[in-house]
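Engineer: Following this line is run05.cif, made up of mmCIF, C-alpha atoms and all ligand atoms:
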data_my_file
loop_
_atom_site.label_atom_id
_atom_site.label_comp_id
_atom_site.auth_asym_id
_atom_site.auth_seq_id
_atom_site.Cartn_x
_atom_site.Cartn_y
_atom_site.Cartn_z
CA MET A 1 136.09 12.56 52.02
CA THR A 2 139.74 13.64 52.02
CA LEU A 3 140.06 17.08 50.50
CA PRO A 4 143.15 18.36 48.69
CA SER A 5 145.01 21.32 50.15
CA GLU A 6 145.35 23.11 46.80
CA MET A 7 143.10 23.80 43.80
CA ASN A 8 143.08 25.47 40.38
CA ALA A 9 141.17 28.73 40.08
CA LEU A 10 140.70 31.84 37.93
CA VAL A 11 141.90 34.44 40.37
CA GLN A 12 141.16 38.18 40.24
CA LEU A 13 144.11 40.49 39.68
CA HIS A 14 142.54 43.68 41.04
CA ASP A 15 140.75 45.09 44.07
CA GLY A 16 137.74 47.38 44.13
CA TYR A 17 136.19 49.30 41.24
CA ALA A 18 137.79 50.44 37.97
CA GLY A 19 135.71 53.58 37.41
CA THR A 20 135.15 52.58 33.76
CA GLN A 21 132.05 51.48 31.85
CA THR A 22 133.14 49.25 28.97
CA GLY A 23 130.18 46.84 28.78
CA PRO A 24 129.96 43.04 28.94
CA ASP A 25 132.30 42.17 26.05
CA VAL A 26 135.76 40.79 26.73
CA THR A 27 138.36 39.65 24.19
CA ASP A 28 141.24 39.02 26.61
CA LEU A 29 140.95 37.89 30.23
CA ALA A 30 144.64 38.43 31.06
CA PRO A 31 144.21 42.04 32.30
CA PHE A 32 141.68 40.83 34.90
CA LEU A 33 142.28 37.16 35.81
CA ALA A 34 145.08 34.59 36.14
CA HIS A 35 144.89 30.79 36.22
CA GLU A 36 146.61 29.90 39.51
CA THR A 37 147.00 27.12 42.04
CA ILE A 38 145.81 28.40 45.43
CA ALA A 39 144.81 26.93 48.81
CA VAL A 40 141.38 25.28 49.04
CA PRO A 41 139.28 27.65 51.22
CA GLN A 42 138.19 26.39 54.65
CA PRO A 43 134.54 26.80 55.66
CA GLY A 44 133.98 29.01 58.72
CA GLU A 45 130.85 29.11 60.86
CA GLY A 46 127.69 29.10 58.72
CA GLN A 47 129.64 28.31 55.53
CA ALA A 48 129.77 25.33 53.17
CA LEU A 49 132.57 24.17 50.86
CA ILE A 50 131.38 22.95 47.48
CA LYS A 51 133.22 20.86 44.89
CA VAL A 52 132.22 22.70 41.71
CA HIS A 53 130.78 20.60 38.86
CA LEU A 54 129.92 23.41 36.44
CA ALA A 55 129.98 27.21 36.74
CA ALA A 56 127.94 29.69 34.68
CA VAL A 57 129.44 32.74 32.97
CA ASN A 58 127.00 35.67 32.98
CA PRO A 59 127.36 39.32 31.88
CA SER A 60 127.48 40.24 35.60
CA ASP A 61 130.67 38.14 36.00
CA ILE A 62 132.34 40.07 33.18
CA HIS A 63 131.18 43.46 34.54
CA PHE A 64 132.54 42.28 37.94
CA ILE A 65 136.04 41.18 36.87
CA LYS A 66 136.37 44.50 35.00
CA GLY A 67 135.53 46.41 38.20
CA GLU A 68 132.25 47.72 36.76
CA TYR A 69 129.69 45.85 38.90
CA GLY A 70 127.78 46.69 42.10
CA GLN A 71 130.29 45.10 44.46
CA PRO A 72 134.09 45.49 44.74
CA ARG A 73 136.61 42.97 43.43
CA VAL A 74 138.95 41.22 45.89
CA LYS A 75 142.47 40.64 44.57
CA GLY A 76 143.61 37.00 44.89
CA MET A 77 140.01 35.69 45.21
CA PRO A 78 138.52 33.39 42.54
CA ALA A 79 135.87 35.00 40.29
CA GLY A 80 132.50 33.40 39.36
CA PHE A 81 129.11 34.12 40.95
CA GLU A 82 127.04 30.96 40.39
CA ALA A 83 127.51 27.22 39.87
CA VAL A 84 126.35 23.71 40.70
CA GLY A 85 128.38 21.24 42.74
CA GLU A 86 128.48 18.85 45.70
CA VAL A 87 128.65 20.03 49.30
CA VAL A 88 131.87 18.47 50.69
CA ALA A 89 132.35 20.28 54.03
CA GLY A 90 130.50 22.57 56.43
CA ASP A 91 127.85 22.44 59.09
CA THR A 92 124.83 21.65 56.95
CA PRO A 93 122.41 18.72 56.49
CA LEU A 94 123.06 19.13 52.75
CA LEU A 95 126.53 17.53 53.05
CA GLY A 96 127.03 15.16 50.08
CA GLN A 97 124.14 16.66 48.12
CA ARG A 98 124.10 18.41 44.74
CA VAL A 99 123.28 22.09 45.11
CA SER A 100 123.16 25.28 43.08
CA PHE A 101 124.68 28.26 44.87
CA PHE A 102 125.82 31.87 44.80
CA ALA A 103 129.55 31.74 45.65
CA SER A 104 129.41 34.48 48.25
CA ALA A 105 132.70 33.79 50.10
CA SER A 106 135.05 32.30 47.45
CA GLY A 107 134.21 32.32 43.72
CA ALA A 108 132.90 29.49 41.55
CA TRP A 109 135.48 29.62 38.72
CA ALA A 110 137.56 27.19 40.77
CA GLU A 111 137.63 23.54 41.76
CA TYR A 112 136.12 24.42 45.16
CA ALA A 113 133.92 27.36 46.18
CA LEU A 114 132.70 28.71 49.50
CA THR A 115 129.28 30.11 50.36
CA ASP A 116 126.84 30.74 53.20
CA VAL A 117 124.81 27.63 54.02
CA ALA A 118 121.70 29.79 53.68
CA ARG A 119 122.50 30.23 49.98
CA LEU A 120 122.47 26.52 49.07
CA VAL A 121 119.68 25.43 46.72
CA PRO A 122 119.16 21.63 46.64
CA CYS A 123 118.71 20.31 43.08
CA ARG A 124 116.14 17.79 41.91
CA PRO A 125 117.89 14.70 40.51
CA ASP A 126 116.20 15.22 37.12
CA LEU A 127 117.54 18.79 36.75
CA SER A 128 120.39 18.82 34.20
CA GLU A 129 123.83 20.13 35.14
CA VAL A 130 123.61 23.19 32.83
CA ASP A 131 120.14 24.11 34.11
CA ALA A 132 121.40 23.66 37.70
CA ALA A 133 124.58 25.70 37.07
CA GLY A 134 122.56 28.67 35.82
CA GLN A 135 119.35 28.43 37.85
CA LEU A 136 120.00 31.37 40.17
CA VAL A 137 121.05 34.60 38.46
CA ASN A 138 118.81 34.59 35.40
CA PRO A 139 115.85 32.37 36.36
CA LEU A 140 115.36 34.02 39.76
CA THR A 141 115.60 37.45 38.12
CA ALA A 142 113.04 36.39 35.52
CA ILE A 143 110.63 35.26 38.25
CA ALA A 144 111.22 38.44 40.29
CA MET A 145 110.78 40.82 37.37
CA PHE A 146 107.77 38.93 36.06
CA ASP A 147 106.22 39.48 39.52
CA ILE A 148 106.59 43.22 38.77
CA VAL A 149 104.79 42.72 35.44
CA LYS A 150 101.96 40.68 37.04
CA GLU A 151 101.54 43.04 40.00
CA SER A 152 101.22 46.00 37.61
CA GLY A 153 98.13 44.38 36.09
CA ALA A 154 99.68 44.69 32.61
CA ASP A 155 98.51 42.54 29.74
CA SER A 156 101.66 43.26 27.72
CA PHE A 157 105.25 44.32 28.46
CA VAL A 158 108.32 45.40 26.51
CA LEU A 159 111.71 43.74 26.98
CA ASN A 160 115.00 44.38 25.19
CA ALA A 161 118.05 42.13 24.76
CA ALA A 162 115.16 39.71 24.24
CA GLY A 163 117.39 37.04 22.68
CA SER A 164 119.46 36.78 25.88
CA GLN A 165 118.96 33.78 28.18
CA LEU A 166 117.02 35.99 30.60
CA GLY A 167 114.98 37.49 27.75
CA LYS A 168 113.92 34.03 26.59
CA LEU A 169 112.89 33.04 30.13
CA LEU A 170 110.75 36.20 30.36
CA ILE A 171 109.12 35.57 26.98
CA ALA A 172 108.19 32.03 28.05
CA LEU A 173 106.68 33.38 31.30
CA GLY A 174 104.65 35.92 29.30
CA ARG A 175 103.44 33.15 26.96
CA ASP A 176 102.42 30.89 29.88
CA HIS A 177 100.58 33.66 31.77
CA GLY A 178 98.85 35.24 28.77
CA ILE A 179 100.76 38.55 29.12
CA LYS A 180 102.05 39.57 25.70
CA PRO A 181 105.83 40.06 25.43
CA ILE A 182 106.98 42.77 22.98
CA ALA A 183 110.57 41.75 22.24
CA VAL A 184 113.32 44.17 21.17
CA VAL A 185 116.48 42.71 19.58
CA ARG A 186 119.27 44.08 17.44
CA ARG A 187 119.53 41.15 14.99
CA SER A 188 116.66 40.17 12.66
CA ALA A 189 117.89 36.54 12.70
CA GLN A 190 116.38 36.20 16.21
CA ALA A 191 112.87 37.36 15.28
CA ASP A 192 111.35 34.05 14.11
CA SER A 193 112.64 31.96 17.01
CA LEU A 194 111.43 34.54 19.56
CA LYS A 195 107.98 34.60 17.93
CA ALA A 196 107.92 30.79 18.04
CA LEU A 197 108.85 30.99 21.73
CA GLY A 198 105.93 33.29 22.51
CA ALA A 199 106.81 36.90 21.66
CA ALA A 200 103.64 38.73 20.51
CA GLU A 201 105.76 41.21 18.52
CA VAL A 202 109.46 41.60 17.73
CA ILE A 203 111.07 45.01 17.09
CA VAL A 204 114.50 44.82 15.42
CA THR A 205 116.60 47.89 16.19
CA GLY A 206 118.80 47.35 13.12
CA GLU A 207 115.84 47.64 10.71
CA LEU A 208 114.36 50.74 9.07
CA ASP A 209 112.36 52.94 11.52
CA PRO A 210 112.21 50.64 14.57
CA LEU A 211 110.71 53.49 16.64
CA GLY A 212 107.88 53.87 14.11
CA ALA A 213 107.27 50.11 14.31
CA ALA A 214 107.27 50.31 18.12
CA LYS A 215 104.78 53.22 18.15
CA ALA A 216 102.36 51.27 15.95
CA ILE A 217 102.59 48.24 18.29
CA PHE A 218 102.19 50.42 21.42
CA GLU A 219 99.06 51.97 19.92
CA THR A 220 97.39 48.55 20.00
CA LEU A 221 98.98 46.72 22.95
CA LYS A 222 99.50 49.73 25.29
CA PRO A 223 102.41 48.24 27.32
CA ARG A 224 103.23 50.03 30.57
CA ILE A 225 106.31 48.08 31.71
CA LEU A 226 109.69 48.25 29.95
CA LEU A 227 112.23 45.68 31.22
CA ASP A 228 115.55 47.10 30.04
CA ALA A 229 118.98 45.44 30.07
CA VAL A 230 120.50 47.70 27.39
CA GLY A 231 120.18 51.32 28.54
CA ASP A 232 120.90 53.00 25.18
CA GLN A 233 119.30 55.92 23.33
CA PHE A 234 116.78 53.67 21.59
CA THR A 235 115.59 52.40 24.99
CA SER A 236 115.04 55.98 26.15
CA ASP A 237 113.15 56.79 22.92
CA LEU A 238 111.00 53.66 23.38
CA PHE A 239 110.13 54.67 26.93
CA PHE A 240 108.99 58.13 25.86
CA ALA A 241 106.89 56.51 23.10
CA MET A 242 105.05 54.32 25.64
CA PRO A 243 101.64 55.26 27.09
CA SER A 244 101.15 57.39 30.22
CA HIS A 245 102.14 55.75 33.54
CA ALA A 246 104.77 53.57 31.82
CA ARG A 247 107.62 52.29 34.07
CA TRP A 248 111.17 51.90 32.75
CA VAL A 249 112.77 49.15 34.87
CA ASN A 250 116.50 49.14 34.13
CA TYR A 251 118.31 45.96 35.22
CA GLY A 252 121.42 45.86 32.98
CA LYS A 253 123.83 48.07 31.06
CA LEU A 254 124.76 46.10 27.96
CA SER A 255 125.28 49.29 25.93
CA THR A 256 128.01 51.78 26.80
CA GLU A 257 125.89 54.69 25.41
CA ALA A 258 124.73 57.42 27.80
CA PRO A 259 121.10 58.00 26.73
CA ALA A 260 119.54 61.48 26.74
CA LEU A 261 116.19 61.83 28.52
CA THR A 262 114.59 63.96 25.83
CA GLU A 263 111.08 64.29 27.28
CA LEU A 264 111.58 64.43 31.02
CA GLY A 265 108.30 66.33 31.39
CA GLN A 266 106.52 63.00 30.86
CA MET A 267 107.62 62.09 34.39
CA ILE A 268 105.70 65.10 35.68
CA PHE A 269 102.68 65.30 33.42
CA ARG A 270 102.16 61.68 32.35
CA GLY A 271 103.13 59.87 35.56
CA LYS A 272 106.01 57.89 34.05
CA GLN A 273 108.75 56.42 36.26
CA ILE A 274 112.34 55.21 35.88
CA GLU A 275 113.63 52.65 38.38
CA GLY A 276 116.32 49.97 38.81
CA PHE A 277 116.13 46.26 39.61
CA TRP A 278 119.00 44.28 41.21
CA LEU A 279 118.49 40.66 42.23
CA THR A 280 120.82 41.06 45.22
CA ARG A 281 118.61 43.84 46.65
CA TRP A 282 115.38 41.99 45.78
CA MET A 283 116.56 38.88 47.68
CA GLY A 284 117.16 40.98 50.79
CA GLN A 285 113.75 42.65 50.62
CA VAL A 286 111.31 40.03 49.35
CA ASP A 287 109.16 37.89 51.66
CA SER A 288 111.50 35.01 52.64
CA ALA A 289 108.94 32.37 51.51
CA ARG A 290 109.06 33.72 47.93
CA ILE A 291 112.61 32.47 47.23
CA PRO A 292 112.17 28.71 47.97
CA ALA A 293 108.82 28.83 46.15
CA ALA A 294 110.58 30.42 43.18
CA PHE A 295 113.22 27.64 43.11
CA MET A 296 110.50 24.96 43.09
CA GLU A 297 108.93 26.74 40.12
CA ILE A 298 112.30 27.27 38.38
CA GLN A 299 113.28 23.59 38.59
CA GLU A 300 109.82 22.45 37.51
CA ARG A 301 109.92 24.80 34.51
CA PHE A 302 113.31 23.45 33.36
CA VAL A 303 112.48 19.78 33.93
CA SER A 304 109.10 20.07 32.20
CA GLY A 305 110.64 21.84 29.18
CA LYS A 306 108.83 25.18 29.69
CA TRP A 307 112.31 26.71 29.98
CA LYS A 308 115.59 25.61 28.50
CA THR A 309 119.20 26.68 28.74
CA ASP A 310 120.84 27.37 25.38
CA VAL A 311 124.51 26.39 25.62
CA ALA A 312 127.18 28.12 23.50
CA GLY A 313 129.96 25.98 24.95
CA ILE A 314 131.51 24.38 28.03
CA VAL A 315 135.14 25.40 28.56
CA PRO A 316 137.54 23.43 30.79
CA LEU A 317 138.86 25.61 33.63
CA SER A 318 142.42 24.79 32.53
CA GLN A 319 141.74 26.36 29.09
CA ALA A 320 139.41 29.18 30.13
CA MET A 321 141.99 31.99 29.91
CA ASP A 322 142.40 31.26 26.18
CA LYS A 323 139.06 29.79 25.14
CA LEU A 324 136.38 31.57 27.20
CA PRO A 325 136.35 34.86 25.17
CA GLU A 326 135.75 32.85 21.93
CA VAL A 327 132.77 31.04 23.45
CA LEU A 328 131.39 34.25 24.95
CA ALA A 329 131.42 35.80 21.47
CA LEU A 330 129.16 33.05 20.06
CA PRO A 331 125.51 34.15 19.61
CA ASP A 332 122.41 32.78 21.34
CA GLY A 333 123.81 30.67 24.16
CA LYS A 334 125.52 30.67 27.54
CA ALA A 335 129.15 29.81 28.29
CA PHE A 336 130.02 27.51 31.20
CA ILE A 337 133.30 26.59 32.92
CA ASP A 338 134.02 22.98 33.90
CA PRO A 339 136.59 22.90 36.71
CA ARG A 340 136.85 19.10 36.56
CA ALA A 341 138.27 19.18 33.01
N1 LIG B 1 119.91 43.38 37.63
C1 LIG B 1 119.97 42.08 37.89
O1 LIG B 1 119.75 41.63 39.03
C2 LIG B 1 120.27 41.11 36.78
C3 LIG B 1 120.18 39.74 37.00
C4 LIG B 1 120.43 38.88 35.94
C5 LIG B 1 120.80 39.38 34.70
N2 LIG B 1 120.92 40.73 34.55
C6 LIG B 1 121.28 41.31 33.25
O2 LIG B 1 120.45 40.73 32.26
C7 LIG B 1 121.08 40.89 31.00
C8 LIG B 1 120.96 39.60 30.21
O3 LIG B 1 121.74 38.59 30.87
P1 LIG B 1 121.87 37.14 30.18
O4 LIG B 1 122.77 36.33 31.04
O5 LIG B 1 120.54 36.64 29.87
O6 LIG B 1 122.64 37.53 28.84
P2 LIG B 1 123.19 36.56 27.70
O7 LIG B 1 122.38 35.34 27.56
O8 LIG B 1 124.67 36.42 27.91
O9 LIG B 1 122.95 37.42 26.38
C9 LIG B 1 123.49 38.70 26.21
C10 LIG B 1 122.55 39.44 25.31
O10 LIG B 1 122.87 40.81 25.33
C11 LIG B 1 122.70 41.34 24.04
N3 LIG B 1 123.54 42.53 23.92
C12 LIG B 1 124.84 42.66 24.24
N4 LIG B 1 125.25 43.92 24.04
C13 LIG B 1 124.17 44.60 23.58
C14 LIG B 1 123.96 45.94 23.17
N5 LIG B 1 124.95 46.85 23.21
N6 LIG B 1 122.73 46.29 22.74
C15 LIG B 1 121.73 45.39 22.69
N7 LIG B 1 121.87 44.09 23.06
C16 LIG B 1 123.08 43.72 23.49
C17 LIG B 1 123.13 40.21 23.12
O11 LIG B 1 122.53 40.41 21.88
P3 LIG B 1 123.10 39.77 20.54
O12 LIG B 1 122.52 38.37 20.50
O13 LIG B 1 122.57 40.66 19.49
O14 LIG B 1 124.60 39.79 20.64
C18 LIG B 1 122.58 38.99 23.87
O15 LIG B 1 121.24 38.73 23.48
C19 LIG B 1 122.51 41.36 31.30
O16 LIG B 1 122.58 42.75 31.14
C20 LIG B 1 122.66 41.00 32.75
O17 LIG B 1 123.65 41.79 33.41
C21 LIG B 1 120.67 41.59 35.56
#
Produce structure tokens that represent the structure in this file.
Ligand SMILES: NC(=O)c1ccc[n+]([C@@H]2O[C@H](COP(=O)([O-])OP(=O)(O)OC[C@H]3O[C@@H](n4cnc5c(N)ncnc54)[C@H](OP(=O)(O)O)[C@@H]3O)[C@@H](O)[C@H]2O)c1
Structural biologist:
Amino acid sequence: MTLPSEMNALVQLHDGYAGTQTGPDVTDLAPFLAHETIAVPQPGEGQALIKVHLAAVNPSDIHFIKGEYGQPRVKGMPAGFEAVGEVVAGDTPLLGQRVSFFASASGAWAEYALTDVARLVPCRPDLSEVDAAGQLVNPLTAIAMFDIVKESGADSFVLNAAGSQLGKLLIALGRDHGIKPIAVVRRSAQADSLKALGAAEVIVTGELDPLGAAKAIFETLKPRILLDAVGDQFTSDLFFAMPSHARWVNYGKLSTEAPALTELGQMIFRGKQIEGFWLTRWMGQVDSARIPAAFMEIQERFVSGKWKTDVAGIVPLSQAMDKLPEVLALPDGKAFIDPRA
């Protein structure tokens, strides 16, 4: 295949960290990204070049371009952490195949992306493009965090931002393993669909006395794991309302609130714990056989319909600077970027 020398990409305008904490919302990309024509990256040793079919847009991408994520920005480098595409160059037997990948060396919001060959995930032919584009960040995190739930021996768990893509994957895992998900959302419109999906209970933070509702549910179900992507005051209050030995596993910061830890003595006298989860760290620490096994399970779950990807919209790369914020603001679905349009 003859490759072009140049490509279109959404390129980062800043280096490093911003020192701010403004959350995952974005109304204007212009302070952070520019649509530019740049050189197609060349694969070095151990790298593969991928022609991108479809790239996911996750909250982590927005935290990242704002300089508020766990790794520094690189000015002039395309953004975009995960995508699906075809391997077009590099020293790998997967040449010519469709793969999902983390764009570790040159970002996925571009016509071509670069990654380590070790990070290529071959896709089953019956896996749809949207499921393949988003099968790493959220599905692998769902599997990894559900391992925490299973290993704790819990028969129920609490999760917030439960209407997110990741929240829905976790609820379906709870349903399929008989471990009751207690879902926390901020909009009552999500309650019925989450119950239909498998949530045992739904707590709506916008309703009257959500903490009272949570306490009544905890009395019966006694959950000891709280999977938290929000990190606001209500999350802290929920944690202190949970039974002894509860674990607060924070994995996201969707709220910009700084919660007060009002009953810290529970850590001492009731054996409670607060900890963090980051997929990047988990992948470096977990038994290496767990990751390929997880991808077999992930693809099977999507193809069999146990999981699905809700799509808010697919934005052509050429229009992403203008259109992506509008699609990101739509409720209940993921945004994707199509570099071929
Ligand atoms: N630590 C890790 O390794 C890891 C890996 C993957 C994902 N994550 C995190 O997982 C979370 C979910 O990701 P996703 O891709 O599934 O998200 P998503 O589908 O884009 O959905 C975002 C969700 O966040 C909710 N939300 C936004 N701001 C909120 C706030 N201030 N308070 C409460 N809810 C709020 C939205 O609720 P509405 O519907 O009410 O707007 C929506 O349900 C993110 O925080 C992401 O960074 C972490």
Engineer: I'd like to know which of A:Leu279, A:Val88, A:Ile143, A:Ala132 is closest to ligand LIG 1 (chain B), using only C-alpha atoms and all ligand atoms.
Structural biologist: A:Leu279
Engineer: Using only C-alpha atoms, which residue out of A:Gln21, A:Asn58, A:Thr235, A:Ser288 lies closest to Trp109 in chain A?
Structural biologist: A:Asn58
Engineer: My list of candidates is A:Ala9, A:Ala56, A:Leu221, A:Ala172. Which is closest to Leu328 in chain A when distances are computed with only C-alpha atoms?
Structural biologist: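 Among the listed residues, A:Ala56 lies closest to Leu328 in chain A.
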Engineer: Report, in Å to a single decimal, how far apart CA of Ala229 in chain A and atom C21 of ligand LIG 1 (chain B) are.
Structural biologist: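 Atom-to-atom, atom C21 of ligand LIG 1 (chain B) to CA of Ala229 in chain A, that is 6.9 Å.
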Engineer: Grab the CA of Leu54 in chain A to CA of Ile314 in chain A distance for me, in Å with one decimal place.
Structural biologist: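 Here the two named atoms are 8.6 Å from each other.
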Engineer: List as a PDB file with C-alpha atoms, in the frame of the given file: which residues have an atom within 10 Å of (135.6, 49.6, 37.5), counting only C-alpha atoms?
Structural biologist:
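Below is the file result13.pdb, written as the result:
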ATOM      1  CA  HIS A  14     142.540  43.680  41.040  1.00  0.00           C
ATOM      2  CA  ASP A  15     140.750  45.090  44.070  1.00  0.00           C
ATOM      3  CA  GLY A  16     137.740  47.380  44.130  1.00  0.00           C
ATOM      4  CA  TYR A  17     136.190  49.300  41.240  1.00  0.00           C
ATOM      5  CA  ALA A  18     137.790  50.440  37.970  1.00  0.00           C
ATOM      6  CA  GLY A  19     135.710  53.580  37.410  1.00  0.00           C
ATOM      7  CA  THR A  20     135.150  52.580  33.760  1.00  0.00           C
ATOM      8  CA  GLN A  21     132.050  51.480  31.850  1.00  0.00           C
ATOM      9  CA  THR A  22     133.140  49.250  28.970  1.00  0.00           C
ATOM     10  CA  HIS A  63     131.180  43.460  34.540  1.00  0.00           C
ATOM     11  CA  PHE A  64     132.540  42.280  37.940  1.00  0.00           C
ATOM     12  CA  ILE A  65     136.040  41.180  36.870  1.00  0.00           C
ATOM     13  CA  LYS A  66     136.370  44.500  35.000  1.00  0.00           C
ATOM     14  CA  GLY A  67     135.530  46.410  38.200  1.00  0.00           C
ATOM     15  CA  GLU A  68     132.250  47.720  36.760  1.00  0.00           C
ATOM     16  CA  TYR A  69     129.690  45.850  38.900  1.00  0.00           C
ATOM     17  CA  GLY A  70     127.780  46.690  42.100  1.00  0.00           C
ATOM     18  CA  GLN A  71     130.290  45.100  44.460  1.00  0.00           C
ATOM     19  CA  PRO A  72     134.090  45.490  44.740  1.00  0.00           C
ATOM     20  CA  ARG A  73     136.610  42.970  43.430  1.00  0.00           C
TER      21      ARG A  73
END
Engineer: Kindly provide, as AutoDock Vina command-line options, the centre and edge lengths (Å, one decimal) of an axis-aligned box around all atoms of ligand LIG 1 (chain B) given in the file, with 8 Å on each side.
Structural biologist:
--center_x 122.5 --center_y 41.1 --center_z 29.3 --size_x 21.5 --size_y 27.5 --size_z 35.5
Engineer: Hey, what's within 12 Å of Gly134 in chain A if we count only C-alpha atoms and toss same-chain stuff fewer than 5 positions away? As number ranges by chain, please?
Structural biologist: A: 53-58, 80-85, 99-102, 108, 121, 123, 127-129, 139-141, 165-166, 295, 298-299, 302, 307-311, 333-337
Engineer: Counting all atoms listed in the file, which residues in chain A sit no more than 7 Å from ligand LIG 1 (chain B)? For each one, give the nearest pair of atoms and the distance in Å, sorted by chain then residue number, as a tab-separated table.
Structural biologist:
residue	atom	partner	partner_atom	distance
A:Pro24	CA	B:LIG1	N4	6.9
A:Asn58	CA	B:LIG1	O4	4.7
A:Pro59	CA	B:LIG1	O17	4.7
A:Ser60	CA	B:LIG1	O17	4.7
A:Val137	CA	B:LIG1	C4	5.0
A:Asn138	CA	B:LIG1	C4	4.6
A:Thr141	CA	B:LIG1	C3	5.2
A:Ala161	CA	B:LIG1	N7	4.6
A:Ala162	CA	B:LIG1	O15	6.2
A:Gly163	CA	B:LIG1	O15	4.3
A:Ser164	CA	B:LIG1	O15	3.6
A:Gln165	CA	B:LIG1	O5	3.7
A:Leu166	CA	B:LIG1	O5	3.7
A:Gly167	CA	B:LIG1	O5	6.0
A:Val185	CA	B:LIG1	O13	6.4
A:Arg186	CA	B:LIG1	O13	5.2
A:Arg187	CA	B:LIG1	O13	5.5
A:Ala229	CA	B:LIG1	O16	4.6
A:Val230	CA	B:LIG1	N6	5.3
A:Tyr251	CA	B:LIG1	N1	3.9
A:Gly252	CA	B:LIG1	O16	3.8
A:Lys253	CA	B:LIG1	O16	5.5
A:Leu254	CA	B:LIG1	N4	4.5
A:Ser255	CA	B:LIG1	N5	3.7
A:Thr256	CA	B:LIG1	N5	6.8
A:Phe277	CA	B:LIG1	N1	5.1
A:Trp278	CA	B:LIG1	O1	3.5
A:Leu279	CA	B:LIG1	O1	3.6
A:Thr280	CA	B:LIG1	O1	6.3
A:Pro331	CA	B:LIG1	O12	5.2
A:Asp332	CA	B:LIG1	O12	5.7
A:Gly333	CA	B:LIG1	O7	6.0
A:Lys334	CA	B:LIG1	O7	5.6
Engineer: When you count all atoms listed in the file, which of these residues is closest to Arg301 in chain A: A:Thr262, A:Gln135, A:Ser188, A:Gln285?
Structural biologist: A:Gln135
Engineer: Taking only C-alpha atoms into account, which of A:Ile182, A:Val87, A:Ala79, A:Ala216 comes nearest Met1 in chain A?
Structural biologist: A:Val87
Engineer: Near Ser104 in chain A, counting all atoms listed in the file, which residues have an atom at most 8 Å away, once you skip same-chain residues fewer than 6 positions from it, shown as a PyMOL selection string?
Structural biologist: chain A and resi 81+114-116
Engineer: Interatomic distance between CA of Val315 in chain A and CA of Ser5 in chain A?
Structural biologist: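 Taking CA of Val315 in chain A and CA of Ser5 in chain A, their separation equals 24.1 Å.
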Engineer: Hey, what's within 7 Å of range 236-242 of chain A if we count all atoms listed in the file and toss same-chain stuff fewer than 5 positions away? As a PyMOL selection string, please?
Structural biologist: chain A and resi 211+215+218+223-224+248+259+261+263
Engineer: Quick one: residues within 8 Å of range 176-179 of chain A, only C-alpha atoms, excluding same-chain residues fewer than 4 positions away - as a ChimeraX atom specification?
Structural biologist: /A:154-157,172
Engineer: Can I get the selected residues back with C-alpha atoms, as an mmCIF file, in the frame of the given file?
Structural biologist:
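What follows is the written file selection_1.cif:
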data_model
loop_
_atom_site.group_PDB
_atom_site.id
_atom_site.type_symbol
_atom_site.label_atom_id
_atom_site.label_comp_id
_atom_site.auth_asym_id
_atom_site.auth_seq_id
_atom_site.Cartn_x
_atom_site.Cartn_y
_atom_site.Cartn_z
ATOM 1 C CA ALA A 154 99.680 44.690 32.610
ATOM 2 C CA ASP A 155 98.510 42.540 29.740
ATOM 3 C CA SER A 156 101.660 43.260 27.720
ATOM 4 C CA PHE A 157 105.250 44.320 28.460
ATOM 5 C CA ALA A 172 108.190 32.030 28.050
#
Engineer: Between A:Ile274, A:Ala39, A:Leu10, A:Val52, which has the minimum distance to Arg340 in chain A (counting all atoms listed in the file)?
Structural biologist: A:Val52
Engineer: Please list as a list in words every residue within 8 Å of Thr37 in chain A, counting all atoms listed in the file and excluding residues in the same chain fewer than 3 positions away.
Structural biologist: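 Skipping anything fewer than 3 positions along the chain leaves Glu6, Met7, Asn8 and Ala9 of chain A.
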Engineer: With C-alpha atoms retained, write the just-selected residues as a tab-separated table (two decimals), in the frame of the given file.
Structural biologist:
chain	number	residue	atom	x	y	z
A	6	GLU	CA	145.35	23.11	46.80
A	7	MET	CA	143.10	23.80	43.80
A	8	ASN	CA	143.08	25.47	40.38
A	9	ALA	CA	141.17	28.73	40.08
Engineer: Residues within 9 Å of (132.7, 32.6, 51.4), file coordinates, counting all atoms listed in the file: what are they? Give the list as an NGL selection string.
Structural biologist: :A and (41-44 or 47-49 or 103-107 or 113-116)
